[in-house]
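Working notes, beginning with the structure itself.
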2 protein chains.
Amino acid sequence: MTRLTFEQYQKFINPESVAIIGVSEKTGPGVFHPLQNMLKDGCQARIYPINIQGRDILGQKVYKSILDLPEVPELAFITVARTAVLGAVKECIQKGTKCLIVLSQGFDDADEEGKALQQEISNTIAGTDARLMGPNTLGIINALDNFHVSFVDCDTPPQASGVICQSGVFMVGAGDLTAGMGVGVDVGNASDIDYSDVLSFFGQDPRIKLVDIHMEGVRGGADFLEIAGQVSRKKPILVLKTGKSEIGSQAAISHSGSLTGEDHVFEAAFKKAGIMRMADFEEFQDLNKVFLTYNGLRGKRIGIITISGGAGIATIDALSQSGLEMACLSQDTLAKMQELFPPWFKVTNPVDMWPAGVKKELKEIYVQLLHLLLDDPQVDAVISIYGANKISGFDPMAVITEGLIAEAKRRPDKPVFPWVIGINKSEISKQLEQSGVAVGLPNPERIARALARLYQYHHEIKDRSDEKPLVFQDVQRQQVAGIIDSARKKGERILGGEVLEILEAYGIKVVETRLAKNKEEAFLTAGELGYPLVMKISSPQVVHKTDSGGVRLNIKNEAELALAYAEMLADISSNVPDARINGVFLQKYYPANIEVIIGSKRDEEFGPIIVFGQGGIYAELHKDVSFRLAPLTEKEAREMINELKSSQIFYGWRGKPAANIDALVDNLGRVAQLVVDFPEIVELDINPLAVGADDLVALDARAVLKLL
Amino acid sequence: MTRLTFEQYQKFINPESVAIIGVSEKTGPGVFHPLQNMLKDGCQARIYPINIQGRDILGQKVYKSILDLPEVPELAFITVARTAVLGAVKECIQKGTKCLIVLSQGFDDADEEGKALQQEISNTIAGTDARLMGPNTLGIINALDNFHVSFVDCDTPPQASGVICQSGVFMVGAGDLTAGMGVGVDVGNASDIDYSDVLSFFGQDPRIKLVDIHMEGVRGGADFLEIAGQVSRKKPILVLKTGKSEIGSQAAISHSGSLTGEDHVFEAAFKKAGIMRMADFEEFQDLNKVFLTYNGLRGKRIGIITISGGAGIATIDALSQSGLEMACLSQDTLAKMQELFPPWFKVTNPVDMWPAGVKKELKEIYVQLLHLLLDDPQVDAVISIYGANKISGFDPMAVITEGLIAEAKRRPDKPVFPWVIGINKSEISKQLEQSGVAVGLPNPERIARALARLYQYHHEIKDRSDEKPLVFQDVQRQQVAGIIDSARKKGERILGGEVLEILEAYGIKVVETRLAKNKEEAFLTAGELGYPLVMKISSPQVVHKTDSGGVRLNIKNEAELALAYAEMLADISSNVPDARINGVFLQKYYPANIEVIIGSKRDEEFGPIIVFGQGGIYAELHKDVSFRLAPLTEKEAREMINELKSSQIFYGWRGKPAANIDALVDNLGRVAQLVVDFPEIVELDINPLAVGADDLVALDARAVLKLL
């Protein structure tokens with residue numbers, strides 16, 4: 001796939017000449033009219049309005065066709081009815097215009113006829129050197145160069161951010177949703193130009209310091225991740241993913257399949273690429289302001305200076321919830337502060353300035369305390385809480401804002417976050433934002449969340465090491481290819497016992513398993529393996545063995561074996577009447593200690609996702625599962641283990657032996673390598689994998705293949 | 001304890017005469033000066049300033065002592081240094097003033113000397129008919145009668161709400177934090193007047209429609225719950241509980257003890273009383289506006305009308321997250337709407353008005369669509385999404401607001417929530433709020449959260465039935481009293497085997513357990529009970545039996561019994577060297593199916609809290625636990641079961657038999673009755689309780705007693 005060139009990108013966002021095909025004769029306030037909007041904005045490009053009437057509009061000469069124009073416009077903007085779009089596109093190509101934006105709706109976003117029309121347009125573009133944005137887009141708003149091509153007029157405050165969206169509201173509403181914007185692009189139906197194209201150029205454009213993405217879905221997932229992974233090292237990428245609620249998920253065969261929702265795949269993809277996913281609209285807005293104001297955050301130790309003890313306590317709650325720490329102030333700082341307070345008050349963090357400020361000049365006290373806080377080497381950032389109640393035209397705490405701004409400018413290495421309480425806070429917030437050194441978020445929860453994101457970007461994303469995925473050389477790739485080929489040739493989609501062979505070929509220790517075709521073979525095999533044993537049914541039709549009565553644990557002797565064999569065959573024939581039984585598998589019995597599931601599910605856009613959780617039937621019950629895209633780095637594998645809410649079970653919890661974490665990391669890496677090497681594996685479960693202090697042993701496994 | 005009378009309450013919030021004891025001579029803008037504030041506000045009460053100088057201040061005659069006043073002031077407001085407070089209080093009592101507010105700091109909020117001073121003041125008040133608010137309070141702000149006694153000046157917009165707080169910022173900042181306020185009371189250190197007093201009067205005051213509480217902690221929990229339970233049936237009570245992060249929790253002996261944090265107790269208490277706990281400052285603010293604007297919500301089916309398809313999708317996410325439903329529009333509504341759209345667009349909910357509005361008059365289309373939505377019997381409320389970008393002085397969508405207000409007035413039974421996007425939304429929000437029929441919350445997450453709370457209050461709190469707690473008549477109370485007395489006399493704080501007897505006396509089925517004092521007795525007893533068996537150590541020193549090797553399951557025959565006995569004694573003597581061993585308990589073995597824990601922990605303020613969760617060691621690992629205060633109603637017991645994230649395990653999940661839910665409810669009720677009847681039980685665990693399709697059997701239990 002050819003990518004948009006940087007030259008084309010520049011012509012899309014700021015061309016020297018533009019044709020508007022399908023200009024309406026209806027103008028005036030409140031009419032959605034691109035030409036009117038461009039003229040009002042004082043657009044510097046040469047504008048050529050076109051419609052079939054050819055009568056002047058808003059004092060502009062109107063042409064009947066792009067073919068009539070005196071020059072080749074760099075950009076064409078098509079707003080005609082959907083049935084006329086294909087003709088307009090063809091004329092643009094004929095004229096030689098290489099940048100096309102189709103605003104018209106009613107294509108992939110509508111009925112079958114629309115989908116067919118979009119396909120025809122795509123076919124027409126393919127093979128030319130023209131590129132097309134849309135259809136079903138609100139266009140482009142470039143506030144940095146004052147070039148807007150959109151139905152909707154706009155006076156977004158210019159800011160050093162780029163917005164890529166799939167719904168125009170995120171661009172048109174950027175003044176509110178992201179508190180301003182530099183360049184906004186609505187990729188619409190993304191029939192040609194997509195997220196990856198635009199993201200790549202926002203990465204290169206030095207005027208863009210931050211990228212905002214609104215995403216409902218994406219095509220070309222691998223490309224997108226690669227580009228995002230590069231860009232996120234240079235500038236923060238914030239994504240608001242909508243369409244989370246899954247109306248109906250497809251039936252999955254494996255545990256891993258049913259544990260993995262579409263949203264988990266996006267979550268894993270964003271993590272891989274260093275994209276920060278915003279929890280909601282507010283975080284999206286807050287983090288835009290925060291990343292464009294504060295340059296970094298050295299650590300997690302937060303000092304608080306407050307006019308109210310109660311508000312200080314509420315702030316401690318918020319910090320703790322976001323994983324931040326209360327700074328433990330140095331003795332030197334505390335001693336200097338204490339001099340400003342009455343003796344009965346013992347100063348600590350949060351620094352409650354009221355007992356000092358109620359008797360002295362508030363501003364003086366405040367600046368002294370904030371100065372001491374910021375200079376304490378044990379403080380990485382400060383939250384400053386004060387009031388904004390203007391009474392009879394006078395705000396008793398207004399003096400604080402000046403002091404805050406001066407101190408924040410003195411120490412640009414330590415963010416100062418004001419929390420201003422009171423009905424006049426919007427004035428103060430404006431004053432703060434104009435200073436360029438502080439953002440006035442409205443409550444401690446949002447402040448703490450923003451601080452945690454600042455930390456995350458500067459410590460975990462921006463300078464992350466370029467760790468290579470785990471690759472094991474000792475894997476037997478040919479052997480696995482043979483097993484898979486043979487199964488596919490037989491038309492077997494679901495693999496059972498063979499999966500243990502596959503895992504073994506990839507260096508994962510598996511329980512020794514023998515197939516016994518009948519009762520006599522079972523006794524012989526049992527004698528060789530030794531008791532206690534596990535017996536499992538071998539039948540392609542039995543998918544959930546435990547549920548169907550096809551598993552017996554801890555068989556201790558021949559008598560128990562005879563009984564278990566008879567019962568199992570009876571259970572299966574009653575629970576899965578059409579089961580074709582190949583016999584029973586016999587394995588050495590490992591008593592349940594810690595059991596986990598390692599699995600995988602292949603996503604069409606992003607490839608295989610790795611699933612890790614508690615084993616047995618409990619993974620689904622507790623949904624205590626972690627996800628990453630394959631392949632895995634060692635760091636990612638460790639994160640997967642520690643992300644489980646129940647991860648303490650691996651570290652010697654309540655009498656259980658500590659697990660061999662290195663071996664778990666190794667196994668996760670090997671599974672990831674396997675599913676990357678064999679795209680034919682669409683679902684995989686190792687369930688359970690018995691986790692011991694030394695050894696890990698896969699006790700059962702299943703895979704689902706893509707059929708030929 | 002005597003409660004504040006309604007007459008006294010009225011004198012506190014709006015007296016005819018007030019003394020201010022400790023008026024400062026320093027006045028002017030920015031000085032925290034109660035007299036100055038009162039004069040500015042045009043206070044209607046007769047004001048008597050008092051200080052030891054006795055020189056006029058702000059043109060007011062100043063007295064040297066309250067004893068010099070020409071009348072008995074109804075209210076006295078004391079702001080002197082902490083050492084002078086006691087004297088001032090005594091003079092007030094001598095004068096005959098019955099309502100006292102002490103603003104001064106440095107008491108329970110400070111050092112040991114302060115604590116002693118506060119105790120002296122409390123002793124002075126006790127036995128008089130005076131009542132005291134504070135110390136360490138910012139006072140009272142009564143915006144309904146324009147009477148403020150506070151250091152901090154205030155121009156809070158009057159609103160039909162009452163605020164009770166423990167930190168003045170929630171009262172002084174109410175204009176911002178709760179979007180206005182009627183009467184605000186800071187109970188401060190609550191040495192006398194407390195939450196319950198004020199809440200009771202807010203319940204009776206007809207001008208107060210909604211109560212806001214900020215709480216760090218509370219004393220007199222039972223009183224508070226009773227009063228709150230009455231008030232919450234008449235008006236919503238919103239609480240912002242701060243101080244959630246637990247720095248260090250006390251060591252607990254039982255599982256239930258360690259599972260129950262202080263915050264769980266508050267959570268359970270609020271549920272019991274119908275108090276709605278706000279997640280954060282934003283919800284606190286939003287719900288104030290919402291409850292004072294919308295009268296109710298009939299159901300959960302939400303219609304959406306939107307200018308942007310993408311914003312509609314984001315709103316679906318938010319509704320789904322808050323447990324609301326997308327309305328399924330009636331055929332009639334859909335057919336009428338479709339006439340307004342181009343044929344390629346198939347209208348549905350969310351109703352995307354863009355394809356219709358882009359070609360016709362927006363207002364006309366909008367009002368038609370909103371009208372149809374509101375009149376659809378399958379719609380309970382509407383979210384209306386539109387833009388607010390004023391360009392060249394003109395907002396193309398401003399017309400929508402008028403239509404929205406008119407329609408909202410036409411159908412006051414169905415809330416209409418606008419979501420306005422764009423940089424000019426604050427103007428539109430003001431216009432909406434002034435209409436009194438709609439609140440402009442800034443994003444779909446906050447709108448959905450507010451709708452869910454409206455539903456909760458009107459369907460689950462306001463008209464909740466007055467269900468009586470479960471009470472079982474077949475309990476053997478005397479027998480339990482005997483067991484507890486005998487243990488306490490022996491100084492036994494931790495009970496093991498006896499707890500099963502206690503449970504049995506309260507109608508809970510327990511596993512038959514026999515104590516065998518030595519190996520020979522064990523063989524005899526085993527023969528009588530029949531194999532398979534469970535053996536457990538009997539020793540007061542062994543607290544965590546499983547962890548110490550004091551439990552053996554599934555002992556199948558004499559040989560296994562002999563081995564298990566020898567191993568257990570060896571394990572215990574090495575793991576708990578100081579254990580005094582009474583012998584072993586033998587029980588019939590119930591193979592693990594579903595195991596739960598039912599437990600309790602007594603809270604000093606709120607009494608016993610009941611704990612329910614998955615049994616075995618997994619309750620603590622997964623923290624999948626529900627809590628309610630005892631006693632339990634049937635409804636509460638059912639809620640406890642269904643609140644578990646893993647509750648599906650009780651309903652026939654993956655081959656497990658469905659549990660006998662009625663029996664579980666019964667057992668929960670009996671445990672609650674037991675711990676209410678016996679306050680001596682400070683902690684209790686039934687762990688595990690084996691849950692079967694028919695029977696429930698307590699397999700092990702433990703209790704911690706309060707020592708005599």
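For the structure tokens, the naming scheme is as follows: chains receive sequential letters (A, B, ...) according to their order of presentation, residues are indexed from 1 within each chain, and ligands are indexed from 1 in presentation order.
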Compile the residues of chain B that lie within 6 Å of chain A, evaluated using only C-alpha atoms, and express the compilation as a list in words.
Gly30, Ser167, Gly173, Gly175, Asp176, Thr242, Gly243, Lys244, Ser245, Gly310, Ile313, Ala314, Asp317, Pro396, Ile421, Gly422, Ile423, Asp547, Leu621, His622, Ser646 and Gly655 of chain B
Please, could you write that set of residues out with N, CA and C atoms as a PDB file, in the first residue's frame?
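That gives us out-v3.pdb:
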```pdb
ATOM      1  N   GLY B  30     -10.505  41.753  52.309  1.00  0.00           N
ATOM      2  CA  GLY B  30      -9.571  40.624  52.408  1.00  0.00           C
ATOM      3  C   GLY B  30      -9.308  40.168  53.826  1.00  0.00           C
ATOM      4  N   SER B 167     -15.812  20.229  57.188  1.00  0.00           N
ATOM      5  CA  SER B 167     -14.719  21.080  56.741  1.00  0.00           C
ATOM      6  C   SER B 167     -15.384  22.218  56.000  1.00  0.00           C
ATOM      7  N   GLY B 173     -17.437  26.887  49.781  1.00  0.00           N
ATOM      8  CA  GLY B 173     -17.286  26.624  48.349  1.00  0.00           C
ATOM      9  C   GLY B 173     -18.535  26.057  47.705  1.00  0.00           C
ATOM     10  N   GLY B 175     -21.069  27.301  46.394  1.00  0.00           N
ATOM     11  CA  GLY B 175     -21.470  27.894  45.120  1.00  0.00           C
ATOM     12  C   GLY B 175     -20.882  27.113  43.960  1.00  0.00           C
ATOM     13  N   ASP B 176     -19.711  26.552  44.172  1.00  0.00           N
ATOM     14  CA  ASP B 176     -19.027  25.790  43.139  1.00  0.00           C
ATOM     15  C   ASP B 176     -19.263  24.285  43.318  1.00  0.00           C
ATOM     16  N   THR B 242     -14.889  11.488  52.479  1.00  0.00           N
ATOM     17  CA  THR B 242     -13.459  11.619  52.204  1.00  0.00           C
ATOM     18  C   THR B 242     -12.668  10.892  53.290  1.00  0.00           C
ATOM     19  N   GLY B 243     -11.392  10.710  53.016  1.00  0.00           N
ATOM     20  CA  GLY B 243     -10.562   9.940  53.937  1.00  0.00           C
ATOM     21  C   GLY B 243     -10.697   8.459  53.642  1.00  0.00           C
ATOM     22  N   LYS B 244     -10.701   8.100  52.357  1.00  0.00           N
ATOM     23  CA  LYS B 244     -10.905   6.705  51.970  1.00  0.00           C
ATOM     24  C   LYS B 244      -9.653   5.867  52.073  1.00  0.00           C
ATOM     25  N   SER B 245      -8.518   6.501  51.784  1.00  0.00           N
ATOM     26  CA  SER B 245      -7.287   5.717  51.728  1.00  0.00           C
ATOM     27  C   SER B 245      -6.896   5.291  53.130  1.00  0.00           C
ATOM     28  N   GLY B 310     -21.056   9.887  15.577  1.00  0.00           N
ATOM     29  CA  GLY B 310     -19.966   9.456  16.440  1.00  0.00           C
ATOM     30  C   GLY B 310     -20.235   9.774  17.904  1.00  0.00           C
ATOM     31  N   ILE B 313     -22.611   7.237  19.315  1.00  0.00           N
ATOM     32  CA  ILE B 313     -21.974   5.974  19.696  1.00  0.00           C
ATOM     33  C   ILE B 313     -21.292   6.103  21.055  1.00  0.00           C
ATOM     34  N   ALA B 314     -20.605   7.222  21.267  1.00  0.00           N
ATOM     35  CA  ALA B 314     -19.961   7.445  22.570  1.00  0.00           C
ATOM     36  C   ALA B 314     -21.003   7.444  23.682  1.00  0.00           C
ATOM     37  N   ASP B 317     -22.028   3.904  24.668  1.00  0.00           N
ATOM     38  CA  ASP B 317     -21.024   3.352  25.592  1.00  0.00           C
ATOM     39  C   ASP B 317     -21.326   3.769  27.020  1.00  0.00           C
ATOM     40  N   PRO B 396     -24.892  28.438  14.704  1.00  0.00           N
ATOM     41  CA  PRO B 396     -25.858  27.791  13.802  1.00  0.00           C
ATOM     42  C   PRO B 396     -26.827  26.864  14.524  1.00  0.00           C
ATOM     43  N   ILE B 421     -21.814  20.425  22.731  1.00  0.00           N
ATOM     44  CA  ILE B 421     -20.378  20.359  22.435  1.00  0.00           C
ATOM     45  C   ILE B 421     -19.954  21.632  21.725  1.00  0.00           C
ATOM     46  N   GLY B 422     -18.914  22.282  22.196  1.00  0.00           N
ATOM     47  CA  GLY B 422     -18.421  23.460  21.489  1.00  0.00           C
ATOM     48  C   GLY B 422     -17.984  24.528  22.461  1.00  0.00           C
ATOM     49  N   ILE B 423     -17.180  25.473  21.957  1.00  0.00           N
ATOM     50  CA  ILE B 423     -16.565  26.423  22.877  1.00  0.00           C
ATOM     51  C   ILE B 423     -17.552  27.419  23.454  1.00  0.00           C
ATOM     52  N   ASP B 547      -2.986 -23.188  56.612  1.00  0.00           N
ATOM     53  CA  ASP B 547      -1.615 -22.729  56.395  1.00  0.00           C
ATOM     54  C   ASP B 547      -0.615 -23.464  57.277  1.00  0.00           C
ATOM     55  N   LEU B 621      -8.045 -13.550  48.006  1.00  0.00           N
ATOM     56  CA  LEU B 621      -7.287 -13.406  46.767  1.00  0.00           C
ATOM     57  C   LEU B 621      -8.046 -12.540  45.762  1.00  0.00           C
ATOM     58  N   HIS B 622      -9.330 -12.796  45.613  1.00  0.00           N
ATOM     59  CA  HIS B 622     -10.090 -12.092  44.577  1.00  0.00           C
ATOM     60  C   HIS B 622     -10.839 -10.884  45.103  1.00  0.00           C
ATOM     61  N   SER B 646     -18.709 -12.939  40.805  1.00  0.00           N
ATOM     62  CA  SER B 646     -18.782 -14.335  40.373  1.00  0.00           C
ATOM     63  C   SER B 646     -20.127 -14.966  40.728  1.00  0.00           C
ATOM     64  N   GLY B 655     -21.696 -26.712  34.456  1.00  0.00           N
ATOM     65  CA  GLY B 655     -21.749 -28.074  34.959  1.00  0.00           C
ATOM     66  C   GLY B 655     -21.929 -28.175  36.462  1.00  0.00           C
TER      67      GLY B 655
END
```
Need the shell around region 364-380 of chain A: protein/DNA/RNA residues with any atom at most 6 Å away, counting only C-alpha atoms. Skip same-chain ones fewer than 3 positions apart. Format as an MDAnalysis selection string?
chainID A and resid 298:299 301:303 327 361 403 414
Extract the full set of helix (DSSP H, G or I) residues from region 357-571 of chain A according to DSSP on the backbone, and format it as a PyMOL selection string.
chain A and resi 357+362-375+398-410+425-435+444-461+477-489+497-505+519-529+558-571
Which residue, B:Thr79, B:Ser574, B:Asn288, B:Gln434, has the smallest gap to Val239 (chain B) when you use only C-alpha atoms?
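Closest residue, counting only C-alpha atoms: B:Asn288.
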Shell around Ile686 (chain A) at 7 Å using only C-alpha atoms, local window under 5 positions removed, as a list in words:
Ile597, Ile598, Gly599, Ala698, Asp700, Ala701 and Arg702 of chain A
For the residues in that selection, give me N, CA and C atoms as a compact mmCIF listing (two decimals), in the first residue's frame.
```txt
# COMPACT_ATOMS: atom_id res chain seq x y z
N ILE A 597 -4.02 -20.31 32.87
CA ILE A 597 -4.31 -20.50 31.46
C ILE A 597 -3.42 -19.55 30.66
N ILE A 598 -2.78 -20.10 29.63
CA ILE A 598 -2.12 -19.23 28.65
C ILE A 598 -2.80 -19.53 27.33
N GLY A 599 -3.28 -18.52 26.66
CA GLY A 599 -4.00 -18.77 25.43
C GLY A 599 -3.77 -17.67 24.43
N ALA A 698 2.29 -28.19 31.09
CA ALA A 698 0.99 -28.04 30.43
C ALA A 698 0.23 -29.35 30.58
N ASP A 700 -3.24 -29.72 29.77
CA ASP A 700 -4.22 -29.90 28.72
C ASP A 700 -4.13 -28.70 27.79
N ALA A 701 -4.52 -28.89 26.56
CA ALA A 701 -4.43 -27.80 25.60
C ALA A 701 -5.40 -28.07 24.45
N ARG A 702 -5.73 -27.01 23.78
CA ARG A 702 -6.64 -27.13 22.65
C ARG A 702 -6.31 -26.02 21.66
```
Mind pulling up the distance from CA of Phe585 (chain A) to CA of Ile572 (chain A)?
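If I compute the distance from CA of Ile572 (chain A) to CA of Phe585 (chain A), I get 14.3 Å.
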Polymer residues at most 9 Å from Tyr590 (chain B), only C-alpha atoms, same-chain spacing of 6 or more positions, as a list in words
Val511, Pro532, Leu533, Val534, Leu553, Asn554, Ala690, Val697 and Leu699 of chain B
Residue neighbourhood Pro631 (chain A), 6 Å, only C-alpha atoms, exclusion window fewer than 2 positions, as a PDB file with C-alpha atoms, in the first residue's frame:
```pdb
ATOM      1  CA  PRO A 469      10.440  -9.596  21.542  1.00  0.00           C
ATOM      2  CA  ALA A 672       3.502 -15.860  21.537  1.00  0.00           C
ATOM      3  CA  GLN A 673       6.227 -17.008  19.165  1.00  0.00           C
TER       4      GLN A 673
END
```
As a check of understanding: the span from CA of Asp666 (chain A) to CA of Ala703 (chain A) is 19.9 Å
Excluding Phe650 (chain A) and residues on its chain fewer than 4 positions from it, collect all residues at most 10 Å away from it, counting only C-alpha atoms, and give them as a short mmCIF file (atom, residue, chain, number, x, y, z; two decimals) with C-alpha atoms, in the first residue's frame.
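The resulting file, out-v9.cif, is reproduced below:
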```
data_model
loop_
_atom_site.label_atom_id
_atom_site.label_comp_id
_atom_site.auth_asym_id
_atom_site.auth_seq_id
_atom_site.Cartn_x
_atom_site.Cartn_y
_atom_site.Cartn_z
CA ILE A 594 -1.46 -23.02 41.08
CA ILE A 641 1.70 -11.79 35.24
CA ASN A 642 1.66 -8.83 37.60
CA SER A 646 -4.76 -12.19 42.04
CA LYS A 656 1.44 -21.94 48.53
CA PRO A 657 5.00 -22.18 47.19
CA ALA A 658 6.20 -19.20 45.14
CA ALA A 659 5.97 -19.83 41.42
CA ASN A 660 8.91 -19.92 39.05
CA ILE A 661 8.19 -16.54 37.42
CA VAL A 691 2.74 -23.81 37.92
CA GLY A 692 5.20 -25.07 40.48
CA ALA A 693 8.18 -23.65 42.31
#
```
Extract the full set of strand (DSSP E) residues from region 29-256 of chain B according to DSSP on the backbone, and format it as JSON, numbers by chain.
{"B": [46, 47, 48, 49, 50, 75, 76, 77, 78, 99, 100, 101, 102, 131, 132, 133, 140, 141, 142, 147, 148, 149, 158, 159, 160, 161, 162, 163, 164, 165, 181, 182, 183, 184, 185, 186, 210, 211, 212, 213, 214, 215, 237, 238, 239, 240, 241]}
Would you compute the distance between CA of Tyr455 (chain B) and CA of Glu433 (chain B)? Give it in Å to one decimal.
21.0 Å
Which residue gives the smallest distance to Leu441 (chain A) among A:Asp205, A:Lys289, A:Glu560, A:Lys336, with only C-alpha atoms counted?
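Selected residue with least distance to Leu441 (chain A): A:Lys289.
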Near-region 448-453 of chain B list (8 Å; only C-alpha atoms; drop same-chain fewer than 4 positions) as a list in words
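Neighbouring residues, sequence-local ones excluded: Glu283, Asp286, Leu287, Val290, Leu297, Lys300, Ala318, Leu319, Ser322, Gly323, Leu324, Pro444 and Tyr457 of chain B.
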